[in-house]
Amino acid sequence: MQGQCGMFSGMPELPEVETVARDLASALPGRCITAVWLGKTDFLADPAALQTQLPGCRIAAVRRYGKFLLLDLLPDNGTGRPGTLLVHLGMTGQLVVQPAAAVLPPHTHVVLTLDDGRQLRYTDVRRFGRIVLVSAGELDVSLAGLGPDPLEIGQAEFCARLGRRRARIKALLLDQRTLRGLGNIYADESLWRARIHPAEPAAQLGPARLKRLCRAVRQILREAIRWRGSSIANYRDATGAPGAYQRRHRVYGREGKPCVRCRTKIRCLVVAGRSSYYCPRCQRAPKSALRPVRRPRQIAH
DNA sequence: CTTACGGCCTGGGTGC
DNA sequence: TGCACCCAGGCCGTAA
């Protein structure tokens with residue numbers, strides 16, 4: 001099972017989406033959408049709705065919710081309905097503001113022309129992203145089920161949500177129902193900082209290590225936001241520029257390289273179906289964590 | 001109910 | 001030069 005990790009690419013997670021949201025929040029509010037152009041539409045829930053309902057809408061605000069970008073829209077001339085454009089960048093999605101005259105990059109599938117001569121463009125090689133227009137009343141339903149934002153909760157709630165779970169800690173960090181916004185990169189970086197093995201059951205951590213993990217998650221996310229996210233392959237901010245946090249990764253994508261704390265070679269193993277990079281010395285695994293979970297057999301009588 | 005896992009979507013990069 | 005395969009994250013179905 002070990003060393004079986006293949007290519008790593010890295011997707012937009014909380015820090016990347018936060019960076020894009022901040023960029024868009026300084027560029028879009030007040031702008032009106034004047035035209036919509038669509039390329040491939042198989043990743044759109046309702047292409048016709050975008051085509052008919054977006055023109056005439058004014059962008060009121062841009063927010064991040066977990067890994068989602070939320071563009072709040074207000075009708076500008078009576079033809080549009082108040083709502084929110086929900087954008088998930090998937091693995092390779094990019095949302096960039098460009099002058100309308102700029103060359104359209106390949107794999108651009110949604111172009112919203114704005115009333116200032118610029119365009120908001122969605123480019124996505126894999127089309128694993130999603131764009132959905134929801135009415136004001138539907139927004140809560142669309143976002144229901146996502147856990148709290150790790151930057152908005154304290155240690156108490158963090159421990160309460162994780163402390164009694166038997167699943168592996170890495171699986172829980174990746175589960176958007178537990179916490180919203182973490183992905184593979186920042187889960188691994190957080191576990192390394194907190195010196196916790198990715199395959200350890202959460203319930204086994206205890207309060208002290210859970211608090212350490214909570215603190216690590218917050219520190220890692222804040223640091224990554226400060227460096228404008230990680231660009232490994234596709235991620236770009238809303239101006240088209242890459243982030244810089246990939247240069248500060250301590251474990252992610254560093255298999256075989258020395259741990260910056262203890263010089264032990266970083267290893268990779270599959271946990272929760274994802275490549276998980278960790279230091280085998282700093283992040284010791286209890287033997288129980290590496291064996292497949294078994295249940296007591298039913299005794300026939 | 002909780003957890004684990006396999007499959008599906010797509011296509012660039014990799015390795016043969 | 002070609003080409004089969006791997007893998008990413010979210011989601012869903014299934015099994016224990």
# chains A, B, ... in the order shown; residues from 1 in each chain; ligands from 1
>>> select_by_dssp(residues="segment 8-43 of chain A", states="alpha helix (DSSP H)", output="PDB file with C-alpha atoms, in the first residue's frame")
ATOM      1  CA  LEU A  14     -10.397  26.853   1.057  1.00  0.00           C
ATOM      2  CA  PRO A  15      -7.339  29.139   0.667  1.00  0.00           C
ATOM      3  CA  GLU A  16      -7.527  29.150  -3.128  1.00  0.00           C
ATOM      4  CA  VAL A  17     -11.268  29.795  -3.173  1.00  0.00           C
ATOM      5  CA  GLU A  18     -10.851  32.490  -0.517  1.00  0.00           C
ATOM      6  CA  THR A  19      -8.212  34.176  -2.677  1.00  0.00           C
ATOM      7  CA  VAL A  20     -10.423  34.096  -5.763  1.00  0.00           C
ATOM      8  CA  ALA A  21     -13.394  35.326  -3.715  1.00  0.00           C
ATOM      9  CA  ARG A  22     -11.416  38.301  -2.402  1.00  0.00           C
ATOM     10  CA  ASP A  23     -10.183  39.141  -5.890  1.00  0.00           C
ATOM     11  CA  LEU A  24     -13.694  38.970  -7.289  1.00  0.00           C
ATOM     12  CA  ALA A  25     -15.125  40.892  -4.354  1.00  0.00           C
ATOM     13  CA  SER A  26     -12.933  43.827  -5.288  1.00  0.00           C
ATOM     14  CA  ALA A  27     -13.696  43.593  -9.006  1.00  0.00           C
TER      15      ALA A  27
END
>>> residues_around(residues="segment 269-279 of chain A", least_positions_apart="5", cutoff="9 Å", atoms="only C-alpha atoms (C1' of nucleotides)", output="short mmCIF file (atom, residue, chain, number, x, y, z; two decimals) with all heavy atoms, in the first residue's frame")
data_model
loop_
_atom_site.label_atom_id
_atom_site.label_comp_id
_atom_site.auth_asym_id
_atom_site.auth_seq_id
_atom_site.Cartn_x
_atom_site.Cartn_y
_atom_site.Cartn_z
N MET A 1 0.81 -1.21 0.00
CA MET A 1 0.00 0.00 0.00
C MET A 1 0.86 1.27 0.00
O MET A 1 0.44 2.32 -0.40
CB MET A 1 -0.87 0.00 1.25
CG MET A 1 -2.38 -0.10 1.07
SD MET A 1 -3.03 0.05 -0.56
CE MET A 1 -4.72 0.39 -0.19
N GLN A 2 2.08 1.16 0.50
CA GLN A 2 2.87 2.37 0.63
C GLN A 2 3.58 2.72 -0.67
O GLN A 2 3.91 1.87 -1.45
CB GLN A 2 3.89 2.19 1.74
CG GLN A 2 3.21 1.78 3.03
CD GLN A 2 3.85 2.41 4.23
OE1 GLN A 2 4.95 2.90 4.13
NE2 GLN A 2 3.16 2.40 5.34
N GLY A 3 3.79 4.02 -0.87
CA GLY A 3 4.50 4.45 -2.04
C GLY A 3 3.72 4.29 -3.32
O GLY A 3 4.25 4.38 -4.40
N GLN A 4 2.43 4.04 -3.18
CA GLN A 4 1.62 3.84 -4.38
C GLN A 4 0.92 5.11 -4.82
O GLN A 4 -0.11 5.07 -5.47
CB GLN A 4 0.59 2.74 -4.13
CG GLN A 4 1.22 1.37 -3.98
CD GLN A 4 2.17 1.03 -5.11
OE1 GLN A 4 1.79 1.02 -6.26
NE2 GLN A 4 3.43 0.80 -4.80
N CYS A 5 1.46 6.23 -4.46
CA CYS A 5 0.82 7.47 -4.83
C CYS A 5 1.34 7.92 -6.19
O CYS A 5 2.53 7.88 -6.46
CB CYS A 5 1.10 8.55 -3.80
SG CYS A 5 0.50 8.06 -2.18
N GLY A 6 0.45 8.34 -7.02
CA GLY A 6 0.84 8.72 -8.36
C GLY A 6 1.02 10.23 -8.49
O GLY A 6 1.51 10.89 -7.59
N PHE A 8 0.38 14.10 -8.51
CA PHE A 8 -0.42 14.95 -7.65
C PHE A 8 -0.72 16.23 -8.41
O PHE A 8 0.09 16.69 -9.20
CB PHE A 8 0.31 15.26 -6.34
CG PHE A 8 1.71 15.74 -6.53
CD1 PHE A 8 1.98 17.09 -6.62
CD2 PHE A 8 2.76 14.85 -6.64
CE1 PHE A 8 3.27 17.54 -6.79
CE2 PHE A 8 4.06 15.29 -6.82
CZ PHE A 8 4.31 16.64 -6.90
N ARG A 168 -11.05 7.37 10.26
CA ARG A 168 -9.69 7.91 10.23
C ARG A 168 -9.76 9.42 10.14
O ARG A 168 -10.58 9.98 9.41
CB ARG A 168 -8.94 7.34 9.03
CG ARG A 168 -8.80 5.84 9.07
CD ARG A 168 -8.32 5.36 7.75
NE ARG A 168 -8.37 3.90 7.67
CZ ARG A 168 -8.18 3.24 6.54
NH1 ARG A 168 -7.95 3.89 5.43
NH2 ARG A 168 -8.23 1.94 6.53
N LYS A 170 -7.97 11.59 8.66
CA LYS A 170 -7.82 12.18 7.33
C LYS A 170 -9.16 12.16 6.58
O LYS A 170 -9.53 13.13 5.92
CB LYS A 170 -6.76 11.41 6.54
CG LYS A 170 -6.63 11.76 5.05
CD LYS A 170 -5.90 13.06 4.81
CE LYS A 170 -5.81 13.38 3.32
NZ LYS A 170 -4.61 12.83 2.68
N ALA A 171 -9.88 11.03 6.70
CA ALA A 171 -11.17 10.92 6.02
C ALA A 171 -12.14 11.99 6.54
O ALA A 171 -12.89 12.59 5.77
CB ALA A 171 -11.76 9.53 6.23
N LEU A 172 -12.10 12.24 7.83
CA LEU A 172 -13.01 13.24 8.41
C LEU A 172 -12.64 14.65 7.99
O LEU A 172 -13.51 15.48 7.73
CB LEU A 172 -13.02 13.11 9.93
CG LEU A 172 -13.62 11.80 10.45
CD1 LEU A 172 -13.50 11.72 11.96
CD2 LEU A 172 -15.07 11.66 10.02
N LEU A 174 -11.37 15.48 5.25
CA LEU A 174 -11.75 15.67 3.84
C LEU A 174 -13.26 15.73 3.64
O LEU A 174 -13.73 16.20 2.61
CB LEU A 174 -11.19 14.51 2.99
CG LEU A 174 -9.67 14.44 2.83
CD1 LEU A 174 -9.29 13.21 2.03
CD2 LEU A 174 -9.15 15.70 2.18
N ASN A 184 -7.17 17.79 0.09
CA ASN A 184 -6.04 16.90 0.33
C ASN A 184 -4.77 17.63 0.78
O ASN A 184 -4.10 17.19 1.70
CB ASN A 184 -5.76 16.09 -0.93
CG ASN A 184 -5.19 14.73 -0.61
OD1 ASN A 184 -5.47 14.17 0.45
ND2 ASN A 184 -4.37 14.22 -1.50
N ILE A 185 -4.46 18.73 0.13
CA ILE A 185 -3.22 19.44 0.47
C ILE A 185 -3.23 19.91 1.92
O ILE A 185 -2.32 19.62 2.70
CB ILE A 185 -3.01 20.67 -0.44
CG1 ILE A 185 -2.79 20.24 -1.89
CG2 ILE A 185 -1.84 21.51 0.05
CD1 ILE A 185 -2.69 21.40 -2.86
N ALA A 187 -5.26 19.18 4.40
CA ALA A 187 -5.43 18.13 5.40
C ALA A 187 -4.05 17.54 5.75
O ALA A 187 -3.70 17.41 6.92
CB ALA A 187 -6.36 17.04 4.88
N ASP A 188 -3.27 17.23 4.72
CA ASP A 188 -1.94 16.65 4.98
C ASP A 188 -1.03 17.63 5.69
O ASP A 188 -0.31 17.27 6.63
CB ASP A 188 -1.29 16.24 3.64
CG ASP A 188 -1.82 14.90 3.13
OD1 ASP A 188 -2.72 14.34 3.78
OD2 ASP A 188 -1.35 14.44 2.08
N GLU A 189 -1.02 18.88 5.25
CA GLU A 189 -0.16 19.88 5.88
C GLU A 189 -0.54 20.10 7.35
O GLU A 189 0.32 20.26 8.21
CB GLU A 189 -0.22 21.20 5.10
CG GLU A 189 0.35 21.13 3.69
CD GLU A 189 1.85 20.84 3.67
OE1 GLU A 189 2.58 21.38 4.53
OE2 GLU A 189 2.30 20.06 2.80
N LEU A 191 -2.10 17.90 9.37
CA LEU A 191 -1.76 16.71 10.15
C LEU A 191 -0.26 16.68 10.45
O LEU A 191 0.16 16.29 11.53
CB LEU A 191 -2.21 15.44 9.41
CG LEU A 191 -3.73 15.22 9.39
CD1 LEU A 191 -4.12 14.14 8.39
CD2 LEU A 191 -4.23 14.86 10.79
N TRP A 192 0.53 17.08 9.48
CA TRP A 192 1.97 17.12 9.72
C TRP A 192 2.30 18.12 10.83
O TRP A 192 3.04 17.82 11.76
CB TRP A 192 2.73 17.49 8.44
CG TRP A 192 4.22 17.61 8.68
CD1 TRP A 192 5.14 16.61 8.70
CD2 TRP A 192 4.93 18.81 8.98
NE1 TRP A 192 6.39 17.11 8.98
CE2 TRP A 192 6.29 18.46 9.17
CE3 TRP A 192 4.56 20.16 9.11
CZ2 TRP A 192 7.28 19.41 9.47
CZ3 TRP A 192 5.54 21.10 9.41
CH2 TRP A 192 6.88 20.72 9.58
N ARG A 195 1.43 16.77 14.04
CA ARG A 195 2.13 15.49 14.31
C ARG A 195 1.15 14.35 14.51
O ARG A 195 1.28 13.55 15.45
CB ARG A 195 3.05 15.62 15.53
CG ARG A 195 4.12 16.69 15.37
CD ARG A 195 4.91 16.84 16.67
NE ARG A 195 5.81 17.98 16.62
CZ ARG A 195 7.14 17.88 16.53
NH1 ARG A 195 7.71 16.69 16.46
NH2 ARG A 195 7.89 18.95 16.50
N ILE A 196 0.16 14.28 13.65
CA ILE A 196 -0.84 13.21 13.74
C ILE A 196 -0.83 12.39 12.46
O ILE A 196 -0.83 12.95 11.35
CB ILE A 196 -2.24 13.82 13.98
CG1 ILE A 196 -2.28 14.49 15.37
CG2 ILE A 196 -3.33 12.76 13.86
CD1 ILE A 196 -3.51 15.33 15.61
N HIS A 197 -0.84 11.07 12.60
CA HIS A 197 -0.86 10.17 11.46
C HIS A 197 -2.22 10.21 10.78
O HIS A 197 -3.25 10.15 11.46
CB HIS A 197 -0.53 8.74 11.92
CG HIS A 197 -0.25 7.80 10.78
ND1 HIS A 197 -1.25 7.26 10.01
CD2 HIS A 197 0.93 7.34 10.28
CE1 HIS A 197 -0.70 6.48 9.08
NE2 HIS A 197 0.61 6.51 9.22
N PRO A 198 -2.26 10.28 9.44
CA PRO A 198 -3.54 10.43 8.74
C PRO A 198 -4.51 9.27 8.96
O PRO A 198 -5.72 9.46 8.87
CB PRO A 198 -3.14 10.53 7.26
CG PRO A 198 -1.73 10.04 7.18
CD PRO A 198 -1.12 10.35 8.51
N ALA A 199 -3.99 8.07 9.25
CA ALA A 199 -4.87 6.91 9.38
C ALA A 199 -5.35 6.67 10.81
O ALA A 199 -6.06 5.71 11.07
CB ALA A 199 -4.16 5.66 8.86
N ARG A 250 5.13 21.34 3.40
CA ARG A 250 6.08 20.56 4.20
C ARG A 250 6.02 19.08 3.86
O ARG A 250 7.02 18.38 3.98
CB ARG A 250 5.77 20.74 5.69
CG ARG A 250 5.72 22.17 6.16
CD ARG A 250 7.12 22.78 6.13
NE ARG A 250 7.19 23.98 6.95
CZ ARG A 250 7.25 25.21 6.47
NH1 ARG A 250 7.22 25.40 5.16
NH2 ARG A 250 7.32 26.23 7.28
N VAL A 251 4.85 18.58 3.46
CA VAL A 251 4.73 17.16 3.11
C VAL A 251 4.07 16.92 1.76
O VAL A 251 4.49 16.04 1.01
CB VAL A 251 3.93 16.37 4.19
CG1 VAL A 251 4.80 16.11 5.41
CG2 VAL A 251 2.65 17.08 4.57
N TYR A 252 3.06 17.70 1.41
CA TYR A 252 2.30 17.41 0.21
C TYR A 252 3.19 17.41 -1.04
O TYR A 252 3.89 18.40 -1.32
CB TYR A 252 1.16 18.41 0.02
CG TYR A 252 0.27 18.02 -1.14
CD1 TYR A 252 -0.70 17.05 -0.99
CD2 TYR A 252 0.47 18.57 -2.40
CE1 TYR A 252 -1.48 16.64 -2.06
CE2 TYR A 252 -0.30 18.17 -3.47
CZ TYR A 252 -1.27 17.21 -3.29
OH TYR A 252 -2.03 16.80 -4.35
N GLY A 253 3.18 16.28 -1.75
CA GLY A 253 3.97 16.16 -2.97
C GLY A 253 5.46 16.01 -2.74
O GLY A 253 6.25 16.13 -3.66
N ARG A 254 5.87 15.74 -1.47
CA ARG A 254 7.30 15.68 -1.15
C ARG A 254 7.79 14.27 -0.84
O ARG A 254 8.77 14.11 -0.11
CB ARG A 254 7.61 16.63 0.02
CG ARG A 254 7.36 18.11 -0.30
CD ARG A 254 7.96 19.03 0.74
NE ARG A 254 9.41 18.96 0.77
CZ ARG A 254 10.13 18.52 1.80
NH1 ARG A 254 9.53 18.10 2.89
NH2 ARG A 254 11.44 18.50 1.73
N GLU A 255 7.13 13.26 -1.37
CA GLU A 255 7.53 11.87 -1.09
C GLU A 255 9.02 11.66 -1.39
O GLU A 255 9.51 12.05 -2.45
CB GLU A 255 6.70 10.90 -1.94
CG GLU A 255 6.97 9.45 -1.59
CD GLU A 255 6.05 8.49 -2.35
OE1 GLU A 255 5.46 8.91 -3.37
OE2 GLU A 255 5.92 7.34 -1.91
N PRO A 258 13.36 14.96 2.47
CA PRO A 258 13.49 14.96 3.93
C PRO A 258 12.45 15.85 4.61
O PRO A 258 12.15 16.93 4.15
CB PRO A 258 14.90 15.52 4.15
CG PRO A 258 15.22 16.27 2.91
CD PRO A 258 14.51 15.58 1.80
N CYS A 259 11.95 15.34 5.74
CA CYS A 259 11.07 16.13 6.59
C CYS A 259 11.84 17.35 7.08
O CYS A 259 12.99 17.22 7.51
CB CYS A 259 10.62 15.28 7.79
SG CYS A 259 9.74 16.22 9.06
N CYS A 262 12.73 16.70 10.91
CA CYS A 262 13.60 15.63 11.43
C CYS A 262 14.43 14.94 10.36
O CYS A 262 15.17 14.01 10.66
CB CYS A 262 12.75 14.59 12.17
SG CYS A 262 11.78 13.55 11.05
N THR A 264 13.74 12.82 8.22
CA THR A 264 13.24 11.52 7.78
C THR A 264 12.54 11.69 6.43
O THR A 264 11.92 12.72 6.18
CB THR A 264 12.24 10.96 8.82
OG1 THR A 264 12.90 10.88 10.08
CG2 THR A 264 11.74 9.58 8.43
N ARG A 284 3.71 9.32 14.05
CA ARG A 284 3.72 7.89 14.33
C ARG A 284 2.32 7.31 14.26
O ARG A 284 1.37 7.91 14.74
CB ARG A 284 4.29 7.63 15.74
CG ARG A 284 5.74 8.01 15.89
CD ARG A 284 6.65 6.99 15.21
NE ARG A 284 8.04 7.47 15.17
CZ ARG A 284 8.92 7.26 16.14
NH1 ARG A 284 8.56 6.60 17.22
NH2 ARG A 284 10.15 7.72 16.03
P DA B 4 -13.42 4.25 8.06
OP1 DA B 4 -12.19 3.78 8.72
OP2 DA B 4 -13.51 5.64 7.57
"O5'" DA B 4 -13.76 3.27 6.87
"C5'" DA B 4 -13.75 1.87 7.10
"C4'" DA B 4 -13.88 1.16 5.77
"O4'" DA B 4 -15.22 1.33 5.26
"C3'" DA B 4 -12.93 1.69 4.68
"O3'" DA B 4 -12.35 0.58 4.02
"C2'" DA B 4 -13.84 2.50 3.76
"C1'" DA B 4 -15.18 1.78 3.92
N9 DA B 4 -16.35 2.63 3.72
C8 DA B 4 -16.56 3.90 4.21
N7 DA B 4 -17.73 4.41 3.88
C5 DA B 4 -18.33 3.42 3.12
C6 DA B 4 -19.57 3.34 2.47
N6 DA B 4 -20.47 4.32 2.49
N1 DA B 4 -19.86 2.19 1.81
C2 DA B 4 -18.95 1.21 1.80
N3 DA B 4 -17.75 1.17 2.38
C4 DA B 4 -17.50 2.31 3.02
P DC B 5 -11.12 0.78 3.02
OP1 DC B 5 -10.14 -0.26 3.35
OP2 DC B 5 -10.74 2.21 3.00
"O5'" DC B 5 -11.78 0.44 1.63
"C5'" DC B 5 -12.69 -0.65 1.53
"C4'" DC B 5 -13.53 -0.50 0.29
"O4'" DC B 5 -14.63 0.39 0.53
"C3'" DC B 5 -12.75 0.09 -0.90
"O3'" DC B 5 -12.92 -0.77 -2.01
"C2'" DC B 5 -13.42 1.43 -1.14
"C1'" DC B 5 -14.84 1.13 -0.65
N1 DC B 5 -15.64 2.33 -0.34
C2 DC B 5 -16.98 2.39 -0.81
O2 DC B 5 -17.42 1.44 -1.44
N3 DC B 5 -17.72 3.49 -0.54
C4 DC B 5 -17.19 4.50 0.16
N4 DC B 5 -17.96 5.56 0.40
C5 DC B 5 -15.84 4.46 0.64
C6 DC B 5 -15.11 3.37 0.37
P DA C 8 -5.15 10.51 -6.41
OP1 DA C 8 -4.15 10.68 -5.34
OP2 DA C 8 -6.21 9.51 -6.30
"O5'" DA C 8 -5.83 11.93 -6.67
"C5'" DA C 8 -5.03 13.08 -6.96
"C4'" DA C 8 -5.91 14.14 -7.57
"O4'" DA C 8 -6.32 13.71 -8.88
"C3'" DA C 8 -7.20 14.34 -6.77
"O3'" DA C 8 -7.08 15.47 -5.92
"C2'" DA C 8 -8.26 14.60 -7.85
"C1'" DA C 8 -7.65 14.07 -9.12
N9 DA C 8 -8.33 12.88 -9.63
C8 DA C 8 -8.75 11.78 -8.93
N7 DA C 8 -9.33 10.87 -9.66
C5 DA C 8 -9.31 11.41 -10.94
C6 DA C 8 -9.77 10.94 -12.18
N6 DA C 8 -10.37 9.77 -12.35
N1 DA C 8 -9.59 11.73 -13.25
C2 DA C 8 -8.98 12.91 -13.09
N3 DA C 8 -8.49 13.45 -11.98
C4 DA C 8 -8.69 12.64 -10.93
#
>>> residues_around(residues="Pro148 of chain A", least_positions_apart="2", cutoff="9 Å", atoms="only C-alpha atoms (C1' of nucleotides)", output="PyMOL selection string")
chain A and resi 66+146+150-153+158+176-181
>>> interface_residues(of="chain A", to="chain B", cutoff="9 Å", atoms="only C-alpha atoms (C1' of nucleotides)", output="number ranges by chain")
A: 7, 125-128, 165-167, 272-273, 293
>>> write_last_selection(atoms="all heavy atoms", output="PDB file, in the first residue's frame")
ATOM      1  N   MET A   7       0.602  10.741  -9.616  1.00  0.00           N
ATOM      2  CA  MET A   7       0.699  12.165  -9.870  1.00  0.00           C
ATOM      3  C   MET A   7      -0.116  12.937  -8.859  1.00  0.00           C
ATOM      4  O   MET A   7      -1.142  12.503  -8.395  1.00  0.00           O
ATOM      5  CB  MET A   7       0.144  12.487 -11.251  1.00  0.00           C
ATOM      6  CG  MET A   7       1.170  12.445 -12.353  1.00  0.00           C
ATOM      7  SD  MET A   7       2.464  13.632 -12.044  1.00  0.00           S
ATOM      8  CE  MET A   7       1.504  15.152 -12.047  1.00  0.00           C
ATOM      9  N   VAL A 125     -10.531  22.640 -17.637  1.00  0.00           N
ATOM     10  CA  VAL A 125     -10.098  21.556 -18.521  1.00  0.00           C
ATOM     11  C   VAL A 125     -10.919  20.296 -18.290  1.00  0.00           C
ATOM     12  O   VAL A 125     -11.403  19.670 -19.223  1.00  0.00           O
ATOM     13  CB  VAL A 125      -8.603  21.245 -18.296  1.00  0.00           C
ATOM     14  CG1 VAL A 125      -8.174  20.063 -19.144  1.00  0.00           C
ATOM     15  CG2 VAL A 125      -7.762  22.455 -18.635  1.00  0.00           C
ATOM     16  N   ARG A 126     -11.072  19.886 -17.020  1.00  0.00           N
ATOM     17  CA  ARG A 126     -11.741  18.617 -16.719  1.00  0.00           C
ATOM     18  C   ARG A 126     -13.264  18.725 -16.652  1.00  0.00           C
ATOM     19  O   ARG A 126     -13.955  17.724 -16.699  1.00  0.00           O
ATOM     20  CB  ARG A 126     -11.244  18.078 -15.381  1.00  0.00           C
ATOM     21  CG  ARG A 126      -9.781  17.744 -15.343  1.00  0.00           C
ATOM     22  CD  ARG A 126      -9.516  16.387 -15.919  1.00  0.00           C
ATOM     23  NE  ARG A 126      -8.125  16.019 -15.718  1.00  0.00           N
ATOM     24  CZ  ARG A 126      -7.160  16.314 -16.574  1.00  0.00           C
ATOM     25  NH1 ARG A 126      -7.429  16.979 -17.675  1.00  0.00           N
ATOM     26  NH2 ARG A 126      -5.923  15.956 -16.328  1.00  0.00           N
ATOM     27  N   ARG A 127     -13.739  19.907 -16.464  1.00  0.00           N
ATOM     28  CA  ARG A 127     -15.189  20.134 -16.261  1.00  0.00           C
ATOM     29  C   ARG A 127     -15.731  19.318 -15.090  1.00  0.00           C
ATOM     30  O   ARG A 127     -16.830  18.786 -15.146  1.00  0.00           O
ATOM     31  CB  ARG A 127     -15.982  19.827 -17.546  1.00  0.00           C
ATOM     32  CG  ARG A 127     -15.490  20.625 -18.739  1.00  0.00           C
ATOM     33  CD  ARG A 127     -16.508  20.690 -19.855  1.00  0.00           C
ATOM     34  NE  ARG A 127     -16.929  19.410 -20.334  1.00  0.00           N
ATOM     35  CZ  ARG A 127     -16.209  18.618 -21.140  1.00  0.00           C
ATOM     36  NH1 ARG A 127     -15.018  19.011 -21.545  1.00  0.00           N
ATOM     37  NH2 ARG A 127     -16.689  17.467 -21.531  1.00  0.00           N
ATOM     38  N   PHE A 128     -14.931  19.210 -14.010  1.00  0.00           N
ATOM     39  CA  PHE A 128     -15.422  18.614 -12.780  1.00  0.00           C
ATOM     40  C   PHE A 128     -16.088  19.684 -11.917  1.00  0.00           C
ATOM     41  O   PHE A 128     -16.663  19.379 -10.882  1.00  0.00           O
ATOM     42  CB  PHE A 128     -14.275  17.985 -11.981  1.00  0.00           C
ATOM     43  CG  PHE A 128     -13.880  16.623 -12.455  1.00  0.00           C
ATOM     44  CD1 PHE A 128     -14.290  16.154 -13.691  1.00  0.00           C
ATOM     45  CD2 PHE A 128     -13.106  15.807 -11.662  1.00  0.00           C
ATOM     46  CE1 PHE A 128     -13.924  14.895 -14.132  1.00  0.00           C
ATOM     47  CE2 PHE A 128     -12.725  14.540 -12.092  1.00  0.00           C
ATOM     48  CZ  PHE A 128     -13.137  14.089 -13.331  1.00  0.00           C
ATOM     49  N   ARG A 165     -15.788  10.353  16.708  1.00  0.00           N
ATOM     50  CA  ARG A 165     -15.873   9.605  15.447  1.00  0.00           C
ATOM     51  C   ARG A 165     -14.777   8.549  15.398  1.00  0.00           C
ATOM     52  O   ARG A 165     -13.656   8.776  15.810  1.00  0.00           O
ATOM     53  CB  ARG A 165     -15.724  10.584  14.265  1.00  0.00           C
ATOM     54  CG  ARG A 165     -16.716  11.736  14.281  1.00  0.00           C
ATOM     55  CD  ARG A 165     -18.097  11.313  13.872  1.00  0.00           C
ATOM     56  NE  ARG A 165     -18.107  10.771  12.534  1.00  0.00           N
ATOM     57  CZ  ARG A 165     -18.221  11.502  11.424  1.00  0.00           C
ATOM     58  NH1 ARG A 165     -18.317  12.816  11.499  1.00  0.00           N
ATOM     59  NH2 ARG A 165     -18.244  10.922  10.245  1.00  0.00           N
ATOM     60  N   ARG A 166     -15.131   7.377  14.868  1.00  0.00           N
ATOM     61  CA  ARG A 166     -14.150   6.291  14.771  1.00  0.00           C
ATOM     62  C   ARG A 166     -13.416   6.289  13.440  1.00  0.00           C
ATOM     63  O   ARG A 166     -12.445   5.558  13.268  1.00  0.00           O
ATOM     64  CB  ARG A 166     -14.836   4.939  14.942  1.00  0.00           C
ATOM     65  CG  ARG A 166     -15.333   4.700  16.351  1.00  0.00           C
ATOM     66  CD  ARG A 166     -15.848   3.282  16.446  1.00  0.00           C
ATOM     67  NE  ARG A 166     -16.565   3.079  17.701  1.00  0.00           N
ATOM     68  CZ  ARG A 166     -17.175   1.938  18.011  1.00  0.00           C
ATOM     69  NH1 ARG A 166     -17.156   0.931  17.156  1.00  0.00           N
ATOM     70  NH2 ARG A 166     -17.802   1.810  19.152  1.00  0.00           N
ATOM     71  N   ALA A 167     -13.892   7.065  12.476  1.00  0.00           N
ATOM     72  CA  ALA A 167     -13.265   7.079  11.155  1.00  0.00           C
ATOM     73  C   ALA A 167     -11.855   7.667  11.255  1.00  0.00           C
ATOM     74  O   ALA A 167     -11.522   8.367  12.212  1.00  0.00           O
ATOM     75  CB  ALA A 167     -14.102   7.893  10.183  1.00  0.00           C
ATOM     76  N   ALA A 272      -8.347   6.978   2.920  1.00  0.00           N
ATOM     77  CA  ALA A 272      -9.621   7.508   2.443  1.00  0.00           C
ATOM     78  C   ALA A 272      -9.593   7.694   0.923  1.00  0.00           C
ATOM     79  O   ALA A 272     -10.162   8.645   0.401  1.00  0.00           O
ATOM     80  CB  ALA A 272      -9.962   8.827   3.143  1.00  0.00           C
ATOM     81  N   GLY A 273      -8.886   6.811   0.238  1.00  0.00           N
ATOM     82  CA  GLY A 273      -8.844   6.860  -1.210  1.00  0.00           C
ATOM     83  C   GLY A 273      -8.023   7.988  -1.780  1.00  0.00           C
ATOM     84  O   GLY A 273      -8.065   8.248  -2.980  1.00  0.00           O
ATOM     85  N   VAL A 293     -10.063  -2.047   9.512  1.00  0.00           N
ATOM     86  CA  VAL A 293     -10.995  -2.100  10.638  1.00  0.00           C
ATOM     87  C   VAL A 293     -11.792  -3.403  10.588  1.00  0.00           C
ATOM     88  O   VAL A 293     -12.345  -3.770   9.560  1.00  0.00           O
ATOM     89  CB  VAL A 293     -11.970  -0.910  10.577  1.00  0.00           C
ATOM     90  CG1 VAL A 293     -12.960  -0.976  11.731  1.00  0.00           C
ATOM     91  CG2 VAL A 293     -11.196   0.383  10.613  1.00  0.00           C
TER      92      VAL A 293
END
>>> interface_residues(of="chain C", to="chain A", cutoff="12 Å", atoms="only C-alpha atoms (C1' of nucleotides)", output="ChimeraX atom specification")
/C:5-11,16
>>> atom_distance(atom1="atom CA of Ala101 of chain A", atom2="atom CA of Asp115 of chain A")
13.7 Å
>>> atom_distance(atom1="atom CA of Pro201 of chain A", atom2="atom CA of Gln283 of chain A")
13.3 Å
>>> atom_distance(atom1="atom CA of Glu157 of chain A", atom2="atom CA of Lys211 of chain A")
10.2 Å
>>> select_by_dssp(residues="segment 14-99 of chain A", states="strand (DSSP E or B)", output="PyMOL selection string")
chain A and resi 32-38+44+57-65+68-75+83-88+93-99
>>> closest_residue(among="A:Val260, A:Ile225, A:Ser230, A:Arg130", to="Arg247 of chain A", atoms="only C-alpha atoms")
A:Ser230
>>> closest_residue(among="A:Leu162, A:Leu173, A:Ile59, A:Leu86", to="Glu138 of chain A", atoms="only C-alpha atoms")
A:Leu86
